[in-house]
Structure formats: structure tokens, C-alpha cells
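A.B. asks: Got a structure for you, entry.txt, holding compact mmCIF, C-alpha atoms and all ligand atoms.
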# COMPACT_ATOMS: atom_id res chain seq x y z
CA MET A 7 -164.63 -9.64 -85.50
CA LEU A 8 -160.91 -10.29 -85.46
CA HIS A 9 -161.26 -12.54 -88.46
CA HIS A 10 -163.02 -9.74 -90.34
CA ALA A 11 -160.38 -7.22 -89.30
CA GLU A 12 -157.64 -9.51 -90.53
CA GLN A 13 -159.43 -9.81 -93.85
CA VAL A 14 -159.57 -6.03 -94.13
CA ALA A 15 -155.89 -5.74 -93.23
CA SER A 16 -155.04 -8.39 -95.78
CA ALA A 17 -156.99 -6.59 -98.48
CA LEU A 18 -155.33 -3.28 -97.64
CA ALA A 19 -151.93 -4.91 -97.60
CA HIS A 20 -152.64 -6.05 -101.14
CA VAL A 21 -153.55 -2.47 -102.07
CA PHE A 22 -150.28 -1.19 -100.61
CA GLU A 23 -148.34 -3.81 -102.50
CA THR A 24 -149.99 -3.19 -105.84
CA CYS A 25 -150.66 0.56 -105.92
CA THR A 26 -148.13 3.35 -106.08
CA MET A 27 -150.52 5.93 -104.72
CA VAL A 28 -153.31 5.47 -102.22
CA PRO A 29 -155.06 8.74 -101.39
CA CYS A 30 -155.66 8.10 -97.69
CA PHE A 31 -152.46 6.27 -96.86
CA PRO A 32 -149.31 7.86 -98.20
CA ARG A 33 -146.02 6.38 -99.16
CA GLY A 34 -144.17 4.81 -96.30
CA VAL A 35 -147.02 4.38 -93.85
CA PRO A 36 -146.84 0.58 -93.64
CA ALA A 37 -143.07 0.80 -93.30
CA VAL A 38 -143.36 3.35 -90.52
CA CYS A 39 -145.95 1.20 -88.84
CA ASN A 40 -143.80 -1.91 -89.07
CA GLN A 41 -140.88 0.06 -87.70
CA ALA A 42 -142.96 1.32 -84.81
CA LEU A 43 -144.36 -2.06 -83.96
CA GLY A 44 -141.16 -4.04 -84.30
CA ARG A 45 -140.48 -7.14 -86.30
CA LYS A 46 -142.53 -9.50 -84.16
CA LEU A 47 -145.73 -8.49 -85.94
CA ASN A 48 -146.37 -9.46 -89.49
CA PHE A 49 -147.13 -7.02 -92.24
CA HIS A 50 -150.91 -7.49 -92.16
CA THR A 51 -151.08 -6.94 -88.43
CA ALA A 52 -149.03 -3.79 -88.85
CA VAL A 53 -151.46 -2.51 -91.47
CA LEU A 54 -154.35 -3.29 -89.14
CA ALA A 55 -152.65 -1.36 -86.36
CA THR A 56 -152.22 1.54 -88.76
CA ILE A 57 -155.95 1.50 -89.48
CA LEU A 58 -156.75 1.45 -85.79
CA SER A 59 -154.34 4.31 -85.13
CA TYR A 60 -156.26 6.42 -87.61
CA THR A 61 -159.67 5.52 -86.26
CA THR A 62 -158.97 5.72 -82.53
CA TYR A 63 -156.47 8.35 -81.41
CA ALA A 64 -154.94 9.76 -84.57
CA MET A 65 -152.81 12.75 -83.65
CA SER A 66 -151.67 15.60 -85.76
CA VAL A 67 -150.49 19.18 -85.79
CA LEU A 68 -150.70 21.54 -88.75
CA VAL A 69 -148.17 24.37 -88.64
CA CYS A 70 -148.90 27.29 -90.95
CA PHE A 71 -145.93 29.63 -91.02
CA ILE A 72 -146.70 33.09 -92.43
CA ASP A 73 -143.61 35.16 -93.26
CA GLY A 74 -143.63 38.88 -92.47
CA LEU A 75 -146.83 39.20 -90.44
CA GLY A 76 -146.59 41.55 -87.48
CA LEU A 77 -149.06 42.99 -84.98
CA THR A 78 -149.68 46.57 -83.87
CA ASP A 79 -151.61 48.16 -81.02
CA PRO A 80 -154.01 49.62 -81.74
CA ALA A 81 -154.86 47.75 -84.89
CA GLN A 82 -154.27 49.76 -88.03
CA PRO A 83 -154.56 49.17 -91.77
CA PRO A 84 -154.28 46.65 -93.31
CA TRP A 85 -155.54 44.72 -90.29
CA THR A 86 -158.50 47.07 -89.86
CA THR A 87 -159.31 47.51 -93.54
CA ALA A 88 -159.08 43.87 -94.64
CA ARG A 89 -162.17 41.65 -94.55
CA LEU A 90 -161.23 38.91 -92.11
CA PRO A 91 -164.36 36.95 -91.23
CA THR A 92 -162.47 33.84 -90.15
CA LEU A 93 -160.01 35.49 -87.78
CA ARG A 94 -162.58 37.97 -86.45
CA GLY A 95 -165.05 35.14 -85.91
CA LEU A 96 -162.49 32.92 -84.22
CA LEU A 97 -160.83 35.56 -82.05
CA GLY A 98 -163.78 37.90 -81.59
CA ALA A 99 -161.53 40.80 -82.54
CA VAL A 100 -158.99 42.05 -85.04
CA PRO A 101 -155.58 40.63 -84.10
CA THR A 102 -153.44 43.18 -82.24
CA SER A 103 -150.28 43.06 -80.14
CA SER A 104 -152.39 43.42 -76.99
CA LEU A 105 -154.81 40.59 -77.76
CA ILE A 106 -154.29 37.56 -75.54
CA ILE A 107 -156.64 34.57 -75.54
CA ASP A 108 -155.98 31.62 -73.23
CA GLN A 109 -158.84 29.16 -73.61
CA PRO A 110 -158.63 25.36 -73.35
CA ALA A 111 -158.83 24.89 -77.12
CA LEU A 112 -157.94 28.36 -78.43
CA ALA A 113 -154.94 30.54 -77.72
CA PHE A 114 -153.70 33.74 -79.28
CA ARG A 115 -150.83 35.93 -78.19
CA PRO A 116 -148.17 38.23 -79.58
CA ILE A 117 -144.66 36.79 -79.35
CA ASP A 118 -141.25 38.40 -79.59
CA ALA A 119 -139.36 38.18 -82.87
CA THR A 120 -136.30 40.25 -81.91
CA LEU A 121 -134.80 37.41 -79.86
CA GLY A 122 -132.89 39.84 -77.63
CA VAL A 123 -130.54 40.76 -80.45
CA PRO A 124 -130.19 44.36 -81.73
CA GLY A 125 -131.39 45.17 -85.22
CA LEU A 126 -134.44 44.26 -87.24
CA PRO A 127 -135.42 40.61 -87.08
CA GLN A 128 -134.73 38.75 -90.32
CA SER A 129 -135.93 35.58 -92.03
CA GLY A 130 -132.67 33.59 -92.10
CA THR A 131 -132.19 33.58 -88.36
CA GLY A 132 -135.94 33.69 -87.69
CA HIS A 133 -136.68 30.54 -89.70
CA THR A 134 -133.63 28.79 -88.29
CA THR A 135 -134.81 29.61 -84.78
CA LEU A 136 -138.35 28.38 -85.45
CA TRP A 137 -137.37 25.03 -86.96
CA THR A 138 -134.63 24.22 -84.45
CA GLY A 139 -135.75 25.82 -81.18
CA VAL A 140 -132.30 27.40 -80.90
CA ASN A 141 -131.97 31.20 -80.80
CA ALA A 142 -130.05 31.46 -84.06
CA ALA A 143 -129.71 35.25 -83.92
CA ALA A 144 -128.10 35.09 -80.47
CA ARG A 145 -125.72 32.35 -81.62
CA LEU A 146 -124.72 34.31 -84.69
CA GLY A 147 -124.63 37.63 -82.84
CA ARG A 148 -126.92 39.30 -85.37
CA HIS A 149 -130.01 38.83 -87.44
CA TYR A 150 -129.29 37.23 -90.81
CA PRO A 151 -131.60 37.90 -93.78
CA ALA A 152 -133.56 35.65 -96.12
CA TYR A 153 -131.89 32.25 -95.83
CA PRO A 154 -129.89 30.59 -93.06
CA ALA A 155 -126.34 31.82 -92.61
CA PRO A 156 -123.93 29.24 -94.10
CA SER A 157 -122.32 28.85 -90.68
CA GLN A 158 -125.67 27.78 -89.23
CA ARG A 159 -126.38 24.88 -91.58
CA SER A 160 -124.65 22.33 -89.37
CA MET A 161 -126.55 23.72 -86.39
CA ILE A 162 -129.83 23.18 -88.26
CA ALA A 163 -128.81 19.63 -89.10
CA GLU A 164 -128.00 18.98 -85.45
CA HIS A 165 -131.07 20.62 -83.95
CA SER A 166 -133.66 20.03 -86.69
CA LEU A 167 -137.15 19.99 -85.21
CA PHE A 168 -138.23 17.60 -87.94
CA ARG A 169 -135.39 15.22 -87.18
CA ARG A 170 -136.35 15.16 -83.50
CA CYS A 171 -139.99 14.50 -84.37
CA VAL A 172 -139.13 11.67 -86.77
CA ALA A 173 -136.76 10.16 -84.20
CA ALA A 174 -139.62 10.25 -81.68
CA GLY A 175 -141.74 8.18 -84.07
CA PHE A 176 -143.90 10.94 -85.53
CA ARG A 177 -144.74 11.14 -89.21
CA VAL A 178 -143.64 14.52 -90.55
CA GLN A 179 -144.72 15.93 -93.88
CA LEU A 180 -143.77 19.21 -95.50
CA ALA A 181 -146.57 20.71 -97.56
CA THR A 182 -144.96 23.62 -99.40
CA VAL A 183 -144.27 23.11 -103.11
CA HIS A 184 -140.54 23.29 -103.91
CA ARG A 185 -138.80 23.74 -107.24
CA THR A 186 -137.32 20.58 -108.62
CA PRO A 187 -134.74 19.15 -108.58
CA TYR A 188 -134.39 21.30 -105.47
CA TRP A 189 -131.09 20.13 -104.04
CA GLU A 190 -129.47 20.06 -107.49
CA LEU A 191 -130.56 23.67 -107.98
CA VAL A 192 -129.08 24.49 -104.58
CA ALA A 193 -125.81 22.79 -105.52
CA GLN A 194 -125.75 24.77 -108.77
CA ARG A 195 -126.39 27.98 -106.79
CA LYS A 196 -129.64 28.54 -108.70
CA GLN A 197 -131.67 28.18 -105.53
CA ARG A 198 -130.90 29.00 -101.92
CA ALA A 199 -132.22 26.50 -99.41
CA THR A 200 -134.55 27.55 -96.64
CA ALA A 201 -134.10 26.60 -93.00
CA ALA A 202 -137.13 24.34 -93.32
CA ALA A 203 -135.54 22.56 -96.28
CA PHE A 204 -132.28 22.01 -94.36
CA ALA A 205 -134.25 20.83 -91.34
CA ALA A 206 -136.16 18.43 -93.58
CA GLN A 207 -132.95 17.19 -95.18
CA ALA A 208 -131.62 16.36 -91.72
CA ALA A 209 -134.69 14.20 -91.19
CA ASN A 210 -134.48 12.54 -94.63
CA LEU A 211 -137.82 14.02 -95.59
CA ASP A 212 -138.94 14.57 -99.15
CA LEU A 213 -139.65 18.12 -100.29
CA PRO A 214 -142.97 18.39 -102.13
CA THR A 215 -142.63 18.92 -105.86
CA PRO A 216 -144.93 20.49 -108.45
CA ALA A 217 -146.03 16.93 -109.26
CA ASP A 218 -147.05 16.51 -105.62
CA PHE A 219 -149.08 19.69 -105.95
CA LYS A 220 -150.89 18.34 -109.00
CA ALA A 221 -151.62 15.16 -107.05
CA GLY A 222 -153.16 17.19 -104.23
CA TRP A 223 -150.34 16.71 -101.74
CA ALA A 224 -148.96 20.24 -101.48
CA VAL A 225 -149.70 23.99 -101.59
CA PRO A 226 -147.60 26.75 -103.20
CA TRP A 227 -146.00 29.35 -100.93
CA ASP A 228 -148.29 32.07 -102.26
CA ILE A 229 -151.32 29.96 -101.23
CA THR A 230 -153.14 29.97 -104.58
CA GLY A 231 -150.40 30.03 -107.22
CA GLN A 232 -151.79 33.27 -108.69
CA PHE A 233 -148.69 35.33 -107.85
CA LEU A 234 -146.24 32.63 -108.89
CA GLN A 235 -148.16 32.46 -112.16
CA ARG A 236 -147.25 36.11 -112.81
CA TRP A 237 -143.63 35.00 -112.90
CA ASP A 238 -144.48 32.04 -115.16
CA ALA A 239 -143.51 29.79 -112.26
CA PHE A 240 -146.93 28.24 -112.05
CA ASP A 241 -149.50 27.05 -114.58
CA LYS A 242 -152.57 29.26 -114.72
CA ALA A 243 -154.78 26.20 -114.96
CA ASP A 244 -153.43 24.95 -111.64
CA ILE A 245 -154.40 27.99 -109.57
CA ILE A 246 -156.48 26.97 -106.58
CA SER A 247 -158.71 28.96 -104.27
CA PRO A 248 -157.37 29.88 -100.82
CA GLN A 249 -160.15 27.81 -99.26
CA ALA A 250 -159.06 24.81 -101.33
CA ALA A 251 -155.46 25.36 -100.22
CA GLY A 252 -156.58 25.35 -96.60
CA GLN A 253 -158.70 22.26 -97.13
CA ARG A 254 -155.73 20.50 -98.67
CA LEU A 255 -153.50 21.37 -95.70
CA ALA A 256 -156.15 20.24 -93.24
CA GLN A 257 -156.63 16.93 -95.00
CA LEU A 258 -152.91 16.21 -94.98
CA THR A 259 -153.16 15.93 -91.19
CA SER A 260 -155.08 12.69 -91.62
CA GLN A 261 -151.93 11.03 -92.89
CA SER A 262 -149.17 12.73 -90.88
CA ASP A 263 -148.60 13.74 -87.28
CA LEU A 264 -146.89 17.00 -88.21
CA VAL A 265 -147.72 18.91 -91.39
CA HIS A 266 -145.60 21.99 -92.06
CA TYR A 267 -146.53 24.74 -94.51
CA GLU A 268 -144.79 28.03 -95.29
CA CYS A 269 -146.36 31.12 -96.89
CA TYR A 270 -143.99 33.94 -97.84
CA LEU A 271 -146.58 36.18 -99.45
CA PRO A 272 -146.84 38.94 -96.79
CA ASP A 273 -143.07 39.40 -96.80
CA PHE A 274 -142.87 39.59 -100.60
CA VAL A 275 -145.69 42.14 -100.72
CA GLY A 276 -144.30 44.03 -97.72
CA HIS A 277 -140.94 44.38 -99.48
CA GLY A 278 -142.66 45.46 -102.69
CA ARG A 279 -141.37 42.44 -104.62
CA ILE A 280 -144.96 41.51 -105.42
CA GLU A 281 -147.43 44.27 -106.16
CA ALA A 282 -150.66 43.58 -104.36
CA PRO A 283 -152.76 45.34 -101.73
CA ALA A 284 -151.78 44.30 -98.21
CA GLU A 285 -155.48 43.80 -97.48
CA LEU A 286 -155.69 41.20 -100.25
CA VAL A 287 -152.83 39.25 -98.69
CA LEU A 288 -154.50 39.21 -95.27
CA GLU A 289 -157.79 38.19 -96.89
CA LEU A 290 -156.10 35.29 -98.70
CA ILE A 291 -154.61 34.09 -95.42
CA ASP A 292 -158.00 34.46 -93.73
CA ALA A 293 -159.70 32.46 -96.48
CA MET A 294 -157.02 29.79 -96.33
CA LEU A 295 -157.59 29.50 -92.58
CA ALA A 296 -161.32 29.19 -93.27
CA GLY A 297 -160.54 26.17 -95.43
CA VAL A 298 -158.25 24.76 -92.76
CA LEU A 299 -160.73 25.16 -89.90
CA ALA A 300 -163.64 23.80 -91.92
CA HIS A 301 -161.78 20.58 -92.73
CA LEU A 302 -159.35 20.07 -89.86
CA PRO A 303 -160.16 16.77 -88.12
CA ALA A 304 -161.40 17.13 -84.56
CA HIS A 305 -158.25 15.52 -83.19
CA ALA A 306 -155.89 17.89 -85.04
CA ALA A 307 -154.31 21.07 -83.73
CA LEU A 308 -153.47 24.19 -85.73
CA ILE A 309 -150.50 26.46 -85.02
CA VAL A 310 -150.05 29.70 -86.97
CA VAL A 311 -146.91 31.77 -86.45
CA SER A 312 -144.69 34.32 -88.21
CA ASP A 313 -141.03 35.30 -88.04
CA HIS A 314 -141.10 39.12 -88.01
CA GLY A 315 -143.32 42.02 -88.91
CA ASN A 316 -143.46 43.61 -92.33
CA ILE A 317 -146.82 43.88 -94.05
CA GLU A 318 -148.57 45.54 -91.09
CA GLU A 319 -146.72 48.83 -91.67
CA HIS A 320 -147.56 50.12 -95.11
CA GLU A 321 -145.48 53.31 -94.95
CA HIS A 322 -142.24 51.49 -95.80
CA HIS A 323 -140.86 48.25 -97.25
CA ARG A 324 -138.79 47.10 -94.28
CA HIS A 325 -139.24 44.54 -91.57
CA THR A 326 -140.51 45.85 -88.23
CA PHE A 327 -139.78 45.35 -84.55
CA ASN A 328 -143.41 44.46 -83.90
CA PRO A 329 -144.33 41.19 -82.20
CA VAL A 330 -145.80 38.44 -84.37
CA PRO A 331 -148.98 36.42 -83.86
CA LEU A 332 -149.12 32.97 -82.37
CA LEU A 333 -152.43 31.22 -82.90
CA ALA A 334 -152.94 27.74 -81.43
CA THR A 335 -156.04 25.56 -81.43
CA GLY A 336 -156.97 22.20 -79.98
CA ALA A 337 -154.28 20.33 -78.09
CA ALA A 338 -151.73 23.07 -78.88
CA ALA A 339 -153.67 25.80 -77.07
CA PRO A 340 -152.80 24.91 -73.45
CA PHE A 341 -149.07 25.05 -74.24
CA ALA A 342 -149.18 28.41 -76.02
CA ALA A 343 -149.23 30.40 -72.77
CA SER A 344 -145.57 29.56 -72.15
CA VAL A 345 -144.46 30.75 -75.59
CA ARG A 346 -142.77 34.13 -75.37
CA ALA A 347 -140.57 34.26 -78.46
CA LEU A 348 -139.69 32.45 -81.69
CA ASP A 349 -137.30 30.06 -79.93
CA ASP A 350 -140.20 28.62 -77.89
CA VAL A 351 -142.24 27.54 -80.92
CA ALA A 352 -140.43 24.25 -81.63
CA THR A 353 -141.07 23.22 -78.03
CA LEU A 354 -144.74 24.12 -78.44
CA ILE A 355 -144.99 21.84 -81.47
CA GLU A 356 -143.21 18.96 -79.75
CA ARG A 357 -145.20 19.28 -76.52
CA THR A 358 -148.42 19.19 -78.54
CA LEU A 359 -147.34 16.10 -80.47
CA HIS A 360 -146.30 14.27 -77.32
CA ALA A 361 -149.44 15.32 -75.44
CA GLN A 362 -151.64 14.01 -78.23
CA ALA A 363 -149.65 10.81 -78.41
CA ASN A 364 -150.27 10.21 -74.72
CA THR A 365 -154.05 10.73 -74.86
ZN ZN B 401 -139.24 36.47 -92.99
Would you write the structure of this file as C-alpha cells?
C.D. replies:
Amino acid sequence: MLHHAEQVASALAHVFETCTMVPCFPRGVPAVCNQALGRKLNFHTAVLATILSYTTYAMSVLVCFIDGLGLTDPAQPPWTTARLPTLRGLLGAVPTSSLIIDQPALAFRPIDATLGVPGLPQSGTGHTTLWTGVNAAARLGRHYPAYPAPSQRSMIAEHSLFRRCVAAGFRVQLATVHRTPYWELVAQRKQRATAAAFAAQAANLDLPTPADFKAGWAVPWDITGQFLQRWDAFDKADIISPQAAGQRLAQLTSQSDLVHYECYLPDFVGHGRIEAPAELVLELIDAMLAGVLAHLPAHAALIVVSDHGNIEEHEHHRHTFNPVPLLATGAAAPFAASVRALDDVATLIERTLHAQANT
């Protein structure tokens, strides 16, 4: 048996050494495995351990961040007028700010986005809070729109959730397609960097490129590419279905412990920067989640969260004070009950990763 396993490991080691892309085992996995196991074990043994880690207690969390998605009570359009078979089927109800589910493998609750700071919650401080666990709005003394405040970049570098996860030995993978060369565009002031990008930079993580999308490794921030295509920022031939986007995200969890995806579509539509019915946006998210749930491995957990309300109030184009949804499945569900606000979400992700690692 051991002899056979060593043969398999040897063969796979050869694959790693000779191929630049192996669909099931991404770049860096053998290196990560070697690092985790120490130098006493040879390369083939490390590869074998990698195989066993996938087949025995592989652990993973998929985080789907949805920008600008708030909850009301009672539910109102677009929540009540959109066709949402996945969410309705999963939750047994239309999501509202009074819906609380605390089951062993399924949790749903509204969480606070205002962070105890006056004014409408905004993306810059909201994202920074989510991907650091630090209340960025309280630190800054106000909510900061769109991208992280320049004064908060060093704070993101210091408190990056991704950096903590990598340091703890977890494999972290961002899944949102980024323009390229991203950091050169940022340096040239042609692109402003998101909090997630800064948090990834602090962890030395690659940002997915359009080439990664074509290879099946990433998903555009509008889920399908159909809205980006309107701006000629996406090839029409590359548009994917929302179910396929969800399937892709789910399958990435087989090669990483933490997969992070960001969708900005509700916020863009809520602000009127993209013309589309709010119901269509919710239906795309619902269909994406259908793809996720249909293909998410049994061991993997899903966390869905937003940063502030916007699209749920159609009478205006501003953010709202409404709470935002937190959806958690699998190993993440038991920890969701202690999440009250955006600054608790990073802890939720880390507790889930560590809990799965210890099973
Ligand atoms: Zn936002």
C-alpha cells in the first residue's frame, strides 16, 4: 500500500515538475506543503501528504462579499419581487432584517453596518473593516467612501485578514478578476486599490487577472461579465452564466482553504451607475449561489456578507442605514451567532478555518 502511494506521489511530483498548470493542484501547493511539513520530509512525501490532506480532512471557506445589499423589515421590493428560488429554498423565507436562523449548519442574521459611527456607512471603511477585523470607521472618525482612506493603508497592511490566515498556514486565494497590471495602474493613478487588494498585497497574494479568468480560476465582479462587457471591459464571448460563476467559486475551494470573491453589482446598480432592474441583480446573485451550493464540497463552508445597504431601497441612489445579511453554512454556521457587526466578520472567517483545521 505504502509502496503504491509512493509511486503515485512520485508520478505526481513529476507532473508538478513538468507542467505549468495542473487543474486540481494550483501553483505553489507542493511548496506550501513542504513548508508546512518542514525540511525533514522529501518532496515526494510532501506531495503524498498533500494528496492525503485533500482526501481526508480538506478544509475550506468560500467568502462571497456582495457590495450594497441591505435588508428591510418587512421585506419590500426588490426582495419581494425578485425570483429567488435558492435563497427562499435555503432560508424558507425572503431575507429580512428580522430573519434569524441559528441551525448547526445554517445561519442567517442581519448585522450592523454603521459601526457606531454617525453618517451613512461607506465602502472604503466597510471593506477595510471586513478584511482586517478592525473598526476602520471608528479609527478614522467617519465613514470613508469607495476605497480605503490613504491613512488606513498601513493599518490594512498590519491587520490584513489574509496575512494572518497565510501566517497560520492556510492557503488563501482571491477569486475576483482584476485589471492588469493592477499595481502599475494603481501607481499611475489609473486604478484605485480596494481594501481586499491591499490586504492581499500584505499577504503576498496574487490578484487574479483576465488570463486567470479565461483559465477558469476567477470570476468578474459583476458575476457574469455581461455588465463589464457594456463598457468594453470584457469580451462578449467570455460571458458566463451566474450558475457557472458559482460553480467556479465552489470548485476553487478544493485547492484553497480560503477563497475570497467580491461582487460590486448591487452597489453600482443602486447608485445608478449601471442601468439594470434591482430584481435582476438579486436574481443573478441567487443563481450564482445556486451554482455555489450545488458544487460546494461537503467539507466547505460558505459565508455571504455585505458592507452596507443600497439596492434594497429603490426610491433613491444612496446607501442606507439598514443592516446587511450574514449567511453562513457548514462549519461557519455555529460561529455566526456571535457576529453583530462588520468588524466581527474577520473573526468568523478565522474561527471557521481554525475549527475545520482541528477536526
Ligand atoms: Zn460598498
A.B. asks: Would you write out, as JSON lines, a table of all residues in chain A that have an atom no more than 10 Å from an atom of ligand ZN 401 (chain B), listing for each the closest atom pair and the distance in Å to one decimal, considering all atoms listed in the file and ordering rows by chain and rising residue number?
C.D. replies:
{"residue": "A:Phe71", "atom": "CA", "partner": "B:ZN401", "partner_atom": "ZN", "distance": 9.8}
{"residue": "A:Ile72", "atom": "CA", "partner": "B:ZN401", "partner_atom": "ZN", "distance": 8.2}
{"residue": "A:Asp73", "atom": "CA", "partner": "B:ZN401", "partner_atom": "ZN", "distance": 4.6}
{"residue": "A:Gly74", "atom": "CA", "partner": "B:ZN401", "partner_atom": "ZN", "distance": 5.0}
{"residue": "A:Leu75", "atom": "CA", "partner": "B:ZN401", "partner_atom": "ZN", "distance": 8.5}
{"residue": "A:Pro127", "atom": "CA", "partner": "B:ZN401", "partner_atom": "ZN", "distance": 8.2}
{"residue": "A:Gln128", "atom": "CA", "partner": "B:ZN401", "partner_atom": "ZN", "distance": 5.7}
{"residue": "A:Ser129", "atom": "CA", "partner": "B:ZN401", "partner_atom": "ZN", "distance": 3.6}
{"residue": "A:Gly130", "atom": "CA", "partner": "B:ZN401", "partner_atom": "ZN", "distance": 7.2}
{"residue": "A:Thr131", "atom": "CA", "partner": "B:ZN401", "partner_atom": "ZN", "distance": 8.9}
{"residue": "A:Gly132", "atom": "CA", "partner": "B:ZN401", "partner_atom": "ZN", "distance": 6.8}
{"residue": "A:His133", "atom": "CA", "partner": "B:ZN401", "partner_atom": "ZN", "distance": 7.2}
{"residue": "A:Pro151", "atom": "CA", "partner": "B:ZN401", "partner_atom": "ZN", "distance": 7.8}
{"residue": "A:Ala152", "atom": "CA", "partner": "B:ZN401", "partner_atom": "ZN", "distance": 6.5}
{"residue": "A:Tyr153", "atom": "CA", "partner": "B:ZN401", "partner_atom": "ZN", "distance": 8.9}
{"residue": "A:Cys269", "atom": "CA", "partner": "B:ZN401", "partner_atom": "ZN", "distance": 9.7}
{"residue": "A:Tyr270", "atom": "CA", "partner": "B:ZN401", "partner_atom": "ZN", "distance": 7.2}
{"residue": "A:Leu271", "atom": "CA", "partner": "B:ZN401", "partner_atom": "ZN", "distance": 9.8}
{"residue": "A:Pro272", "atom": "CA", "partner": "B:ZN401", "partner_atom": "ZN", "distance": 8.8}
{"residue": "A:Asp273", "atom": "CA", "partner": "B:ZN401", "partner_atom": "ZN", "distance": 6.1}
{"residue": "A:Phe274", "atom": "CA", "partner": "B:ZN401", "partner_atom": "ZN", "distance": 9.0}
{"residue": "A:Ser312", "atom": "CA", "partner": "B:ZN401", "partner_atom": "ZN", "distance": 7.6}
{"residue": "A:Asp313", "atom": "CA", "partner": "B:ZN401", "partner_atom": "ZN", "distance": 5.4}
{"residue": "A:His314", "atom": "CA", "partner": "B:ZN401", "partner_atom": "ZN", "distance": 5.9}
{"residue": "A:Gly315", "atom": "CA", "partner": "B:ZN401", "partner_atom": "ZN", "distance": 8.0}
{"residue": "A:Asn316", "atom": "CA", "partner": "B:ZN401", "partner_atom": "ZN", "distance": 8.3}
{"residue": "A:His325", "atom": "CA", "partner": "B:ZN401", "partner_atom": "ZN", "distance": 8.2}
A.B. asks: What is the distance, in Å and to one decimal place, between atom CA of A:Ile117 and atom CA of A:His305?
C.D. replies: 25.5 Å
A.B. asks: Mind pulling up the distance from atom CA of A:Leu213 to atom CA of A:Val67?
C.D. replies: 18.1 Å
A.B. asks: What's around A:Ala88 at 12 Å? Count only C-alpha atoms, leave out sequence neighbours fewer than 5 positions away in its own chain, and write the answer as a list of chain:residue names.
C.D. replies: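 Listed by chain and then number, they are A:Ala81, A:Gln82, A:Pro83, A:Leu93, A:Arg94, A:Val100, A:Pro101, A:Pro283, A:Ala284, A:Glu285, A:Leu286, A:Val287, A:Leu288, A:Glu289, A:Leu290, A:Ile291, A:Asp292, A:Ala293, A:Glu318.
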A.B. asks: So what do you get for atom CA of A:Val275 versus atom CA of A:Thr230, distance-wise?
C.D. replies: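 Spanning atom CA of A:Val275 to atom CA of A:Thr230 is a straight-line distance of 14.8 Å.
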A.B. asks: For A:Arg177, which residue among A:Leu112, A:Leu258, A:Leu126, A:Leu77 is the nearest when counting only C-alpha atoms?
C.D. replies: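 For A:Arg177, the nearest of the given residues is A:Leu258.
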A.B. asks: Measuring atom to atom with only C-alpha atoms, identify which of A:Ala251, A:Ala334, A:Ala144, A:Ala208 is nearest to A:Asp228.
C.D. replies: A:Ala251
A.B. asks: Near A:Phe341, within 10 Å and counting only C-alpha atoms, which residues show up once chain neighbours fewer than 3 positions away are dropped, as a ChimeraX atom specification?
C.D. replies: /A:108,110,113,334,337-338,344-345,351,353-355,357-358,361
A.B. asks: Fewer than 6 positions away in the same chain doesn't count, so skip those; otherwise give me all residues within 10 Å of A:Leu180, counting only C-alpha atoms, as number ranges by chain.
C.D. replies: A: 68-69, 168, 202-203, 206, 211-214, 223-225, 255, 258, 262, 264-268
A.B. asks: From the options A:Gln109, A:Thr92, A:Gln179, A:Ala343, which residue's atoms come nearest to A:Gln249, counting all atoms listed in the file?
C.D. replies: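 With all atoms listed in the file as the atom set, the closest residue is A:Thr92.
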A.B. asks: Which residues are near stretch 104-107 of chain A? Cut-off 8 Å, all atoms listed in the file, ignore same chain within fewer than 4 positions. Put them as a list in words.
C.D. replies: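 Here the answer would be Asp79, Pro80, Leu97, Leu112, Ala113, Phe114, Arg115 and Pro116 of chain A.
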A.B. asks: Kindly add N, CA and C atoms to the incomplete stretch 222-234 of chain A and provide the output as a PDB file, in the coordinates of the input.
C.D. replies:
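The new file out.pdb reads:
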ATOM      1  N   GLY A 222    -152.379  16.772-105.394  1.00  0.00           N
ATOM      2  CA  GLY A 222    -153.160  17.190-104.230  1.00  0.00           C
ATOM      3  C   GLY A 222    -152.441  17.082-102.906  1.00  0.00           C
ATOM      4  N   TRP A 223    -151.098  16.931-102.963  1.00  0.00           N
ATOM      5  CA  TRP A 223    -150.340  16.710-101.740  1.00  0.00           C
ATOM      6  C   TRP A 223    -149.673  17.964-101.193  1.00  0.00           C
ATOM      7  N   ALA A 224    -149.764  19.077-101.878  1.00  0.00           N
ATOM      8  CA  ALA A 224    -148.960  20.240-101.480  1.00  0.00           C
ATOM      9  C   ALA A 224    -149.652  21.531-101.891  1.00  0.00           C
ATOM     10  N   VAL A 225    -149.136  22.647-101.354  1.00  0.00           N
ATOM     11  CA  VAL A 225    -149.700  23.990-101.590  1.00  0.00           C
ATOM     12  C   VAL A 225    -148.539  24.929-101.908  1.00  0.00           C
ATOM     13  N   PRO A 226    -148.688  25.809-102.902  1.00  0.00           N
ATOM     14  CA  PRO A 226    -147.600  26.750-103.200  1.00  0.00           C
ATOM     15  C   PRO A 226    -147.452  27.802-102.098  1.00  0.00           C
ATOM     16  N   TRP A 227    -146.267  28.424-102.032  1.00  0.00           N
ATOM     17  CA  TRP A 227    -146.000  29.350-100.930  1.00  0.00           C
ATOM     18  C   TRP A 227    -146.802  30.638-101.022  1.00  0.00           C
ATOM     19  N   ASP A 228    -147.414  30.892-102.170  1.00  0.00           N
ATOM     20  CA  ASP A 228    -148.290  32.070-102.260  1.00  0.00           C
ATOM     21  C   ASP A 228    -149.768  31.681-102.091  1.00  0.00           C
ATOM     22  N   ILE A 229    -150.006  30.520-101.574  1.00  0.00           N
ATOM     23  CA  ILE A 229    -151.320  29.960-101.230  1.00  0.00           C
ATOM     24  C   ILE A 229    -152.079  29.452-102.462  1.00  0.00           C
ATOM     25  N   THR A 230    -152.283  30.324-103.450  1.00  0.00           N
ATOM     26  CA  THR A 230    -153.140  29.970-104.580  1.00  0.00           C
ATOM     27  C   THR A 230    -152.372  29.643-105.859  1.00  0.00           C
ATOM     28  N   GLY A 231    -151.151  30.149-105.971  1.00  0.00           N
ATOM     29  CA  GLY A 231    -150.400  30.030-107.220  1.00  0.00           C
ATOM     30  C   GLY A 231    -150.570  31.233-108.127  1.00  0.00           C
ATOM     31  N   GLN A 232    -151.476  32.163-107.788  1.00  0.00           N
ATOM     32  CA  GLN A 232    -151.790  33.270-108.690  1.00  0.00           C
ATOM     33  C   GLN A 232    -150.635  34.254-108.818  1.00  0.00           C
ATOM     34  N   PHE A 233    -149.829  34.396-107.763  1.00  0.00           N
ATOM     35  CA  PHE A 233    -148.690  35.330-107.850  1.00  0.00           C
ATOM     36  C   PHE A 233    -147.496  34.647-108.518  1.00  0.00           C
ATOM     37  N   LEU A 234    -147.301  33.378-108.209  1.00  0.00           N
ATOM     38  CA  LEU A 234    -146.240  32.630-108.890  1.00  0.00           C
ATOM     39  C   LEU A 234    -146.525  32.573-110.389  1.00  0.00           C
TER      40      LEU A 234
END
